[in-house]
Structure formats: structure tokens, C-alpha cells
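Below you'll find the structure, written out as C-alpha cells, and then a few comments.
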Amino acid sequence: MLNNKKIILGVCGGIAAYKAIELLRLLTKAGAEVHVIMTRAAREFITPLTFQTLSSNPVHTELFNLIAEQEIGHISLADRADLFIVAPATANVIGKIAAGIADDILTTTVMATKAPVLFAPAMNVNMFTNPIYQENEQKLRRLGYLFEAPVSGTLACGWEGAGKLAAPEAIFESAVTALTKKTLTGLRLLITAGPTREEIDPVRYISNHSSGKMGYALARAARRRGAQVLLISGPTALTAPGGVTVVNVTTAGEMQREVMARVAGCDAVIKAAAVADYRPLVRNSVKIKKKADSVTMELVKNPDILAGLGGMERRPFLVGFAAETDALSANAEKKLSEKNLDMIVANDVTLTDAGFNVDTNRALLLFRDGSCSECGLMSKEQLAGTILDHLAQHLAER
Ligand code: PMT
């Protein structure tokens, strides 16, 4: 995801400095080349050796270090960076940068870089709410600097309130967003994800193996590309992607109501949800007792949400999914045409590395004009990116 990206991670002096280790791990795991700069105060909390070992790169601590300057000077470091993250960022360092002071390696390199800079502040709540700090932050925001806001909680100093460093995962997500080309800015996307559950009685239901991973990956990737995303989700164990509006539903009927109530104004709908095709005709109000040796249950058809969208007079760009166990291409083509779609993502759910409840997928993308594109084994994140690249291109051509 971050292959070939060069990131500078600036670490300031604060108790949250240890959390920068986890952030560094997330960045390197995603393929980024990370160069760490530590302030003098940061070195009071944690040693450079830890960052050096985990980043596999020398840690920069001094502005006038002759050897480091000869090998890779701070200006060269600033020039080569794709992104500069300062985490944790103290009130002192943010204040110095806002005032144009460059008196150590970190502030000097921030000043010298043309790369986007993302601050993740961490400080005492009274420092955070101090109008001087707030004015500095607002000034930097106006100048285009990015911020991952601190969260509320019990602070190391004992105070309660805002000032805790954001979770490393949240800072990582902001970093990836900052590095993603904004191909969907100004567009509204409605995405469905996960299974639906159709109740038989208060303890049993009909459902399927969808985990929601494919739909959530699409929502996250669309948000990173600048889209406004509405995610209508069946029951999943996943955490809602940051910056995405999530509407939780359980049944196909609820999903249909929410989709139809919110589709107006959307530029595209992507239906990755595995909607139950049938539901029990009768939902028992009490648990069905285990008496008879066999039971027969009458099922009735659920509304086809996607076909309903395809029948709209003025409809958004429609992307369906096809979960198939046989005749992948033929079945998907039939769905593309019968539901009046612009694009369909066909996946073979009998494979162990594709379809339901795994992190990877393989898909065949079929388009309204008869063209198709094959996507071999890749992560659901990567497939989401590929689907959105096609979507962006088609919307641009419309
Ligand atoms: O959630 P994961 O574990 O990551 O798994 C991903 C996935 C396998 C669920 C996903 O890749 C996928 O294939 N989703 C579509 C599943 C499905 O319901 O396929 P289908 O071929 O039965 O339906 C075709 C299309 O019609 C789908 O876009 C579906 O959302 C839509 N549909 C189906 C029935 C219905 N009543 N209403 C619908 O809108």
C-alpha cells in the first residue's frame, strides 16, 4: 500500500513517544521507507536505537552531525520525503513551526520540506485548549498542514480531557489518505457491505458467510480518494472506517429502505453486500420448540435492491457484485444485464483465497459496453482500489 513511499517520522518529547513505535511498525509493514527524526526531549523518553532497529535506517537527532549530513543531509531528507508525520507533536514544536522557528533538526526539516506534513498532537488538556496553542494549530491548518486530532481520556498527567495522542491506526489512516491521489473528490458514493439476517424466531436466523471485509475495504479506499461515503452495513465485527457515515441494518428489508431513502444525490452505488434472497414467511415470536423430527419452513423472496436501483429513471452509476459457485462469467453477465448495471464484480466464492470472510479476493470485472478485466489474487484493499479506479474513469467519461 505504501511501497516506494518515503516518510519522515518526527518524534517529539512526550510520554506518548512510545506509541510512535507502533506507528512506525504500521508504516513499514505497509511498505514505506521510514526515516525517524527525534528531538532532544524525545530521547528522554525513548532511545534512538529502538527506532533505528525497527526502521532499518539511521535515526536523525542532531542538526550539525557531520557524518549524517555527509551521508544524507537534512535538506536532502526533506526533499526526498513523500510525507512528513510528527507524532507525538508537542505544543512547543507546533508553536515553533507556526512561528517560523527552525532551531533543531526536526523543525528545520519540517520548514524545508515540500511534502505534506501531518501533525498528531499530544499534550495536557489545558495546554491543548490554551488559545495560544489553538491559534497556532489554526494558523498551520490554514496554511495546509494536516492534523490528526488528539482524543479524550485520562492523560498521563492525571487530567481528564482532550490531549491523548490519536491511536496509531488512526494516524496511519490519515497518512495513507494524505498519500492517496484524490480521484473521487466531490463525489458521493453509497456502498453496501456485510450479510443480512432474516429471523426465524428470537434465537435463529438465515444468513450467509459475508464478513463485510470487501465492502468496508471499498468504503475506506473511496474515502481515501476524497469521496463522501455512506456505508450501509449488515451485521459485521468490523470497525467503521474513519470519515465514513455508517448506517447499520439487519434485514434485507431494512437495507432496501435505507438504500432507497438515501440514494438521491449519490453519484454511484456499489453493492458488495450479500443480501439474503429469501426470508421466512412467518417470524415466530417465541423460540420454536424442538419436537418434530423434521420441520418445513416456507420462504418468500426478498426485494432485489440492486434491480430496483437499475429500474430507476435517473439512476446513479451502478456497480454490482456477483457471488458465484459456477459459470462465473456467464452468471455475472446475466446479472449485469438483468439488473441494468454499469459494472459487475464477479467472484468465485468456492475458492479458499477469494470471496467470503478472507482478506484476499480474485475477480472478473465486467462492464456494460462488453469489455472485461481480470484481477488475479490480491488483497481486498487492492481490489477495492482497482474497482474505484475503473469507477473514477467511467464517471469522468460520463
Ligand atoms: O463480505 P466478505 O466476507 O468480504 O465477502 C465478500 C463478498 C463475497 C460478500 C462480496 O465479494 C460479494 O460477492 N458480494 C455480493 C454477494 C451477493 O449477494 O451476490 P449475488 O450474486 O447473490 O447478488 C448480486 C448482486 O445483487 C449483489 O450486488 C447483491 O448485493 C445484489 N442483491 C442481491 C439480492 C438482493 N435481494 N438484493 C440485492 O441488491
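Chain labels follow the order of the C-alpha cells: the first chain is A, the next B, and so on; residue numbering restarts at 1 in every chain, and ligands are counted from 1 in their shown order.
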
Practice prompt. Write out as number ranges by chain all residues of stretch 163-390 of chain A that DSSP puts in strand (DSSP E or B) for this structure's backbone.
Written response: A: 163-164, 188-193, 195, 198-201, 204-206, 228-233, 245-248, 268-271, 274, 278-280, 299-301, 317-324, 343-348, 360-367, 372-379

At a cut-off of 7 Å, can you tabulate as a tab-separated table every residue of chain A near ligand 1 together with its closest atom pair and the distance in Å to one decimal, using only C-alpha atoms and all ligand atoms and ordering rows by chain then number?
```
residue	atom	partner	partner_atom_place_in_ligand_line	distance
A:Ala193	CA	ligand 1	1 (O)	6.3
A:Gly194	CA	ligand 1	1 (O)	4.8
A:Pro195	CA	ligand 1	1 (O)	6.9
A:His209	CA	ligand 1	3 (O)	6.3
A:Ser210	CA	ligand 1	3 (O)	3.7
A:Ser211	CA	ligand 1	3 (O)	3.6
A:Gly212	CA	ligand 1	1 (O)	3.4
A:Lys213	CA	ligand 1	4 (O)	3.6
A:Met214	CA	ligand 1	4 (O)	3.8
A:Gly215	CA	ligand 1	1 (O)	6.3
A:Ala252	CA	ligand 1	36 (N)	6.6
A:Lys271	CA	ligand 1	28 (O)	4.3
A:Ala272	CA	ligand 1	14 (N)	4.2
A:Ala273	CA	ligand 1	30 (O)	4.4
A:Ala274	CA	ligand 1	18 (O)	3.4
A:Val275	CA	ligand 1	34 (C)	4.7
A:Ala276	CA	ligand 1	36 (N)	5.9
A:Asp277	CA	ligand 1	36 (N)	4.7
A:Asn302	CA	ligand 1	36 (N)	5.3
A:Pro303	CA	ligand 1	36 (N)	5.1
A:Asp304	CA	ligand 1	36 (N)	3.6
A:Ile305	CA	ligand 1	39 (O)	3.7
A:Leu306	CA	ligand 1	39 (O)	3.8
A:Ala307	CA	ligand 1	39 (O)	6.6
A:Gly320	CA	ligand 1	28 (O)	3.8
A:Phe321	CA	ligand 1	28 (O)	3.8
A:Ala322	CA	ligand 1	21 (O)	3.5
A:Ala323	CA	ligand 1	13 (O)	3.9
A:Glu324	CA	ligand 1	21 (O)	6.2
A:Lys335	CA	ligand 1	24 (C)	6.7
A:Ala346	CA	ligand 1	13 (O)	6.7
A:Asn347	CA	ligand 1	13 (O)	5.8
A:Val349	CA	ligand 1	8 (C)	6.2
A:Gly355	CA	ligand 1	8 (C)	3.9
A:Phe356	CA	ligand 1	3 (O)	3.6
A:Asn357	CA	ligand 1	3 (O)	3.5
A:Val358	CA	ligand 1	3 (O)	6.1
```

Take the residues that were just selected and, keeping N, CA, C and O atoms, output them as a compact mmCIF listing (two decimals), in the first residue's frame.
```
# COMPACT_ATOMS: atom_id res chain seq x y z
N ALA A 193 -22.44 -3.34 2.49
CA ALA A 193 -21.46 -4.35 2.91
C ALA A 193 -22.09 -5.34 3.88
O ALA A 193 -23.11 -5.03 4.52
N GLY A 194 -21.45 -6.50 3.99
CA GLY A 194 -21.86 -7.48 5.00
C GLY A 194 -23.05 -8.30 4.59
O GLY A 194 -23.61 -8.14 3.50
N PRO A 195 -23.47 -9.18 5.49
CA PRO A 195 -24.63 -10.03 5.20
C PRO A 195 -25.92 -9.36 5.65
O PRO A 195 -25.88 -8.29 6.27
N HIS A 209 -22.06 -16.18 4.78
CA HIS A 209 -20.72 -16.06 5.38
C HIS A 209 -20.07 -14.69 5.18
O HIS A 209 -18.88 -14.54 5.47
N SER A 210 -20.78 -13.70 4.69
CA SER A 210 -20.13 -12.41 4.43
C SER A 210 -19.63 -11.78 5.75
O SER A 210 -20.37 -11.66 6.72
N SER A 211 -18.37 -11.33 5.72
CA SER A 211 -17.77 -10.68 6.89
C SER A 211 -17.86 -9.16 6.79
O SER A 211 -17.60 -8.45 7.75
N GLY A 212 -18.13 -8.66 5.58
CA GLY A 212 -18.15 -7.21 5.35
C GLY A 212 -16.81 -6.67 4.88
O GLY A 212 -16.68 -5.49 4.54
N LYS A 213 -15.76 -7.52 4.84
CA LYS A 213 -14.40 -7.03 4.54
C LYS A 213 -14.32 -6.35 3.18
O LYS A 213 -13.67 -5.32 3.03
N MET A 214 -14.97 -6.94 2.17
CA MET A 214 -14.90 -6.36 0.82
C MET A 214 -15.56 -4.97 0.79
O MET A 214 -14.98 -4.00 0.28
N GLY A 215 -16.75 -4.87 1.36
CA GLY A 215 -17.47 -3.59 1.35
C GLY A 215 -16.76 -2.52 2.18
O GLY A 215 -16.69 -1.35 1.79
N ALA A 252 -32.76 -7.66 4.91
CA ALA A 252 -32.76 -7.15 3.53
C ALA A 252 -33.79 -6.02 3.40
O ALA A 252 -33.55 -5.03 2.71
N LYS A 271 -22.75 -2.28 -4.63
CA LYS A 271 -23.47 -3.22 -3.75
C LYS A 271 -22.63 -4.47 -3.49
O LYS A 271 -22.76 -5.48 -4.16
N ALA A 272 -21.76 -4.37 -2.48
CA ALA A 272 -20.92 -5.52 -2.12
C ALA A 272 -21.61 -6.41 -1.09
O ALA A 272 -21.12 -7.49 -0.76
N ALA A 273 -22.76 -5.96 -0.56
CA ALA A 273 -23.45 -6.74 0.48
C ALA A 273 -23.98 -8.05 -0.09
O ALA A 273 -24.36 -8.13 -1.26
N ALA A 274 -23.97 -9.07 0.76
CA ALA A 274 -24.56 -10.36 0.39
C ALA A 274 -25.96 -10.38 1.00
O ALA A 274 -26.14 -10.69 2.19
N VAL A 275 -26.91 -9.98 0.18
CA VAL A 275 -28.29 -9.83 0.66
C VAL A 275 -29.00 -11.18 0.58
O VAL A 275 -28.92 -11.87 -0.44
N ALA A 276 -29.67 -11.55 1.65
CA ALA A 276 -30.40 -12.83 1.63
C ALA A 276 -31.51 -12.74 0.60
O ALA A 276 -32.29 -11.78 0.59
N ASP A 277 -31.57 -13.73 -0.30
CA ASP A 277 -32.59 -13.70 -1.36
C ASP A 277 -33.97 -14.05 -0.81
O ASP A 277 -34.98 -13.63 -1.37
N ASN A 302 -37.07 -11.94 -1.05
CA ASN A 302 -36.79 -10.57 -0.60
C ASN A 302 -36.77 -9.65 -1.81
O ASN A 302 -36.52 -10.11 -2.93
N PRO A 303 -36.98 -8.36 -1.59
CA PRO A 303 -36.85 -7.43 -2.73
C PRO A 303 -35.41 -7.44 -3.24
O PRO A 303 -34.48 -7.57 -2.44
N ASP A 304 -35.23 -7.34 -4.56
CA ASP A 304 -33.88 -7.21 -5.11
C ASP A 304 -33.54 -5.73 -5.15
O ASP A 304 -34.05 -4.97 -5.99
N ILE A 305 -32.68 -5.30 -4.23
CA ILE A 305 -32.38 -3.87 -4.05
C ILE A 305 -31.69 -3.31 -5.30
O ILE A 305 -32.04 -2.25 -5.81
N LEU A 306 -30.73 -4.08 -5.79
CA LEU A 306 -29.94 -3.61 -6.93
C LEU A 306 -30.80 -3.50 -8.19
O LEU A 306 -30.71 -2.52 -8.94
N ALA A 307 -31.66 -4.50 -8.40
CA ALA A 307 -32.54 -4.45 -9.57
C ALA A 307 -33.47 -3.24 -9.46
O ALA A 307 -33.78 -2.58 -10.46
N GLY A 320 -22.51 -3.72 -9.29
CA GLY A 320 -23.00 -4.87 -8.53
C GLY A 320 -21.86 -5.85 -8.29
O GLY A 320 -20.77 -5.72 -8.87
N PHE A 321 -22.09 -6.78 -7.42
CA PHE A 321 -21.17 -7.91 -7.22
C PHE A 321 -21.92 -9.17 -7.62
O PHE A 321 -23.15 -9.20 -7.56
N ALA A 322 -21.21 -10.19 -8.00
CA ALA A 322 -21.82 -11.49 -8.26
C ALA A 322 -21.02 -12.53 -7.49
O ALA A 322 -19.83 -12.71 -7.76
N ALA A 323 -21.66 -13.17 -6.53
CA ALA A 323 -21.01 -14.24 -5.77
C ALA A 323 -21.43 -15.55 -6.41
O ALA A 323 -22.59 -15.94 -6.31
N GLU A 324 -20.49 -16.20 -7.08
CA GLU A 324 -20.85 -17.38 -7.87
C GLU A 324 -20.11 -18.63 -7.41
O GLU A 324 -18.99 -18.54 -6.90
N LYS A 335 -26.50 -11.10 -14.67
CA LYS A 335 -26.89 -10.15 -13.61
C LYS A 335 -26.64 -8.71 -14.07
O LYS A 335 -27.44 -7.82 -13.81
N ALA A 346 -17.36 -9.98 -10.40
CA ALA A 346 -17.72 -11.38 -10.20
C ALA A 346 -16.63 -12.08 -9.42
O ALA A 346 -15.45 -11.98 -9.76
N ASN A 347 -17.01 -12.74 -8.32
CA ASN A 347 -16.02 -13.51 -7.56
C ASN A 347 -16.51 -14.93 -7.32
O ASN A 347 -17.69 -15.18 -7.09
N VAL A 349 -16.85 -17.79 -5.06
CA VAL A 349 -16.82 -17.94 -3.59
C VAL A 349 -16.51 -19.38 -3.15
O VAL A 349 -16.55 -19.67 -1.96
N GLY A 355 -13.57 -14.42 -2.11
CA GLY A 355 -14.98 -14.41 -1.68
C GLY A 355 -15.15 -14.12 -0.21
O GLY A 355 -14.57 -13.18 0.33
N PHE A 356 -15.93 -14.99 0.45
CA PHE A 356 -16.34 -14.74 1.84
C PHE A 356 -15.23 -14.83 2.87
O PHE A 356 -14.43 -15.78 2.86
N ASN A 357 -15.22 -13.85 3.78
CA ASN A 357 -14.50 -13.94 5.05
C ASN A 357 -13.00 -14.20 4.96
O ASN A 357 -12.45 -14.85 5.83
N VAL A 358 -12.36 -13.75 3.88
CA VAL A 358 -10.89 -13.80 3.79
C VAL A 358 -10.41 -12.39 3.44
O VAL A 358 -11.21 -11.54 3.04
```

Worksheet item: Can you list, as a list of chain:residue names, every residue of stretch 200-292 of chain A that DSSP puts in alpha helix (DSSP H)?
Response: A:Lys213, A:Met214, A:Gly215, A:Tyr216, A:Ala217, A:Leu218, A:Ala219, A:Arg220, A:Ala221, A:Ala222, A:Arg223, A:Arg224, A:Ala252, A:Gly253, A:Glu254, A:Met255, A:Gln256, A:Arg257, A:Glu258, A:Val259, A:Met260, A:Ala261, A:Arg262

Discussion item. Need the shell around A:Ala170: protein/DNA/RNA residues with any atom at most 8 Å away, counting only C-alpha atoms. Skip same-chain ones fewer than 4 positions apart. Format as number ranges by chain?
Written reply: A: 148, 166, 174, 242

Could you save the residues just selected, with N, CA, C and O atoms, as a PDB file, in the first residue's frame?
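This is the output file selection19.pdb:
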```pdb
ATOM      1  N   GLU A 148      -4.119  15.173  12.841  1.00  0.00           N
ATOM      2  CA  GLU A 148      -4.930  14.070  13.360  1.00  0.00           C
ATOM      3  C   GLU A 148      -5.187  14.431  14.816  1.00  0.00           C
ATOM      4  O   GLU A 148      -4.279  14.379  15.661  1.00  0.00           O
ATOM      5  N   ALA A 166      -3.770  10.432  19.211  1.00  0.00           N
ATOM      6  CA  ALA A 166      -4.706   9.570  18.478  1.00  0.00           C
ATOM      7  C   ALA A 166      -4.091   8.172  18.345  1.00  0.00           C
ATOM      8  O   ALA A 166      -2.864   8.011  18.401  1.00  0.00           O
ATOM      9  N   SER A 174      -4.753   8.421   8.327  1.00  0.00           N
ATOM     10  CA  SER A 174      -4.612   9.797   7.818  1.00  0.00           C
ATOM     11  C   SER A 174      -3.398   9.909   6.907  1.00  0.00           C
ATOM     12  O   SER A 174      -3.414  10.649   5.921  1.00  0.00           O
ATOM     13  N   GLY A 242     -12.793   5.433   9.440  1.00  0.00           N
ATOM     14  CA  GLY A 242     -12.869   6.845   9.825  1.00  0.00           C
ATOM     15  C   GLY A 242     -13.361   7.721   8.677  1.00  0.00           C
ATOM     16  O   GLY A 242     -13.025   7.468   7.517  1.00  0.00           O
TER      17      GLY A 242
END
```

Taking 3 positions as the minimum chain separation for residues in the same chain, which residues sit within 7 Å of stretch 10-24 of chain A when counting only C-alpha atoms? Answer as a short mmCIF file (atom, residue, chain, number, x, y, z; two decimals) with C-alpha atoms, in the first residue's frame.
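As a result, part_4.cif now contains:
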```
data_model
loop_
_atom_site.label_atom_id
_atom_site.label_comp_id
_atom_site.auth_asym_id
_atom_site.auth_seq_id
_atom_site.Cartn_x
_atom_site.Cartn_y
_atom_site.Cartn_z
CA LEU A 27 4.14 2.25 8.16
CA THR A 28 6.98 -0.19 7.48
CA VAL A 36 12.98 8.91 12.02
CA ILE A 37 13.96 12.29 13.45
CA MET A 38 13.94 12.65 17.24
CA THR A 39 14.08 15.84 19.26
CA ALA A 41 13.28 15.81 24.56
CA ALA A 42 12.02 12.70 22.71
CA PHE A 45 11.53 9.13 26.83
CA ILE A 46 12.80 6.53 24.37
CA PHE A 51 13.52 3.41 16.08
CA ILE A 85 4.47 12.90 10.12
CA VAL A 86 5.11 14.49 13.51
CA ALA A 87 3.80 12.11 16.21
CA PRO A 88 3.58 12.91 19.01
CA ALA A 89 3.71 16.64 18.23
CA THR A 90 4.12 18.81 21.31
CA LEU A 106 13.03 18.40 13.35
CA LEU A 165 -2.31 11.03 21.09
CA PRO A 168 -1.51 4.77 15.77
CA PHE A 172 -1.71 5.64 9.83
#
```

Practice prompt. Might you pull out every residue within 10 Å of A:Ser285, with only C-alpha atoms counted and same-chain residues fewer than 4 positions away left off, and present them as a VMD selection string?
Written response: chain A and resid 199 to 203

Practice prompt. For A:Ala98, please output as number ranges by chain all residues within 7 Å (counting only C-alpha atoms; exclusion window: fewer than 5 positions along the same chain).
Written response: A: 136, 139-140

Could you write out the selected residues, including C-alpha atoms, as a short mmCIF file (atom, residue, chain, number, x, y, z; two decimals), in the first residue's frame?
```
data_model
loop_
_atom_site.label_atom_id
_atom_site.label_comp_id
_atom_site.auth_asym_id
_atom_site.auth_seq_id
_atom_site.Cartn_x
_atom_site.Cartn_y
_atom_site.Cartn_z
CA ASN A 136 -1.03 28.07 16.28
CA LYS A 139 -2.68 29.02 11.53
CA LEU A 140 -0.98 25.81 10.42
#
```

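Comparing the minimum interatomic distances between A:Glu338 and each of A:Leu309, A:Arg362, A:Glu374, A:Arg283, counting only C-alpha atoms, we find that A:Leu309 sits nearest.
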
Worksheet item: Between A:Arg220, A:Arg142, A:Arg368, A:Arg43, which has the minimum distance to A:Val319 (counting only C-alpha atoms)?
Response: A:Arg368

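If you measure from each of A:Leu118, A:Ala268, A:Ala396, A:Cys157 to A:Ala222 using only C-alpha atoms, the closest one turns out to be A:Ala268.
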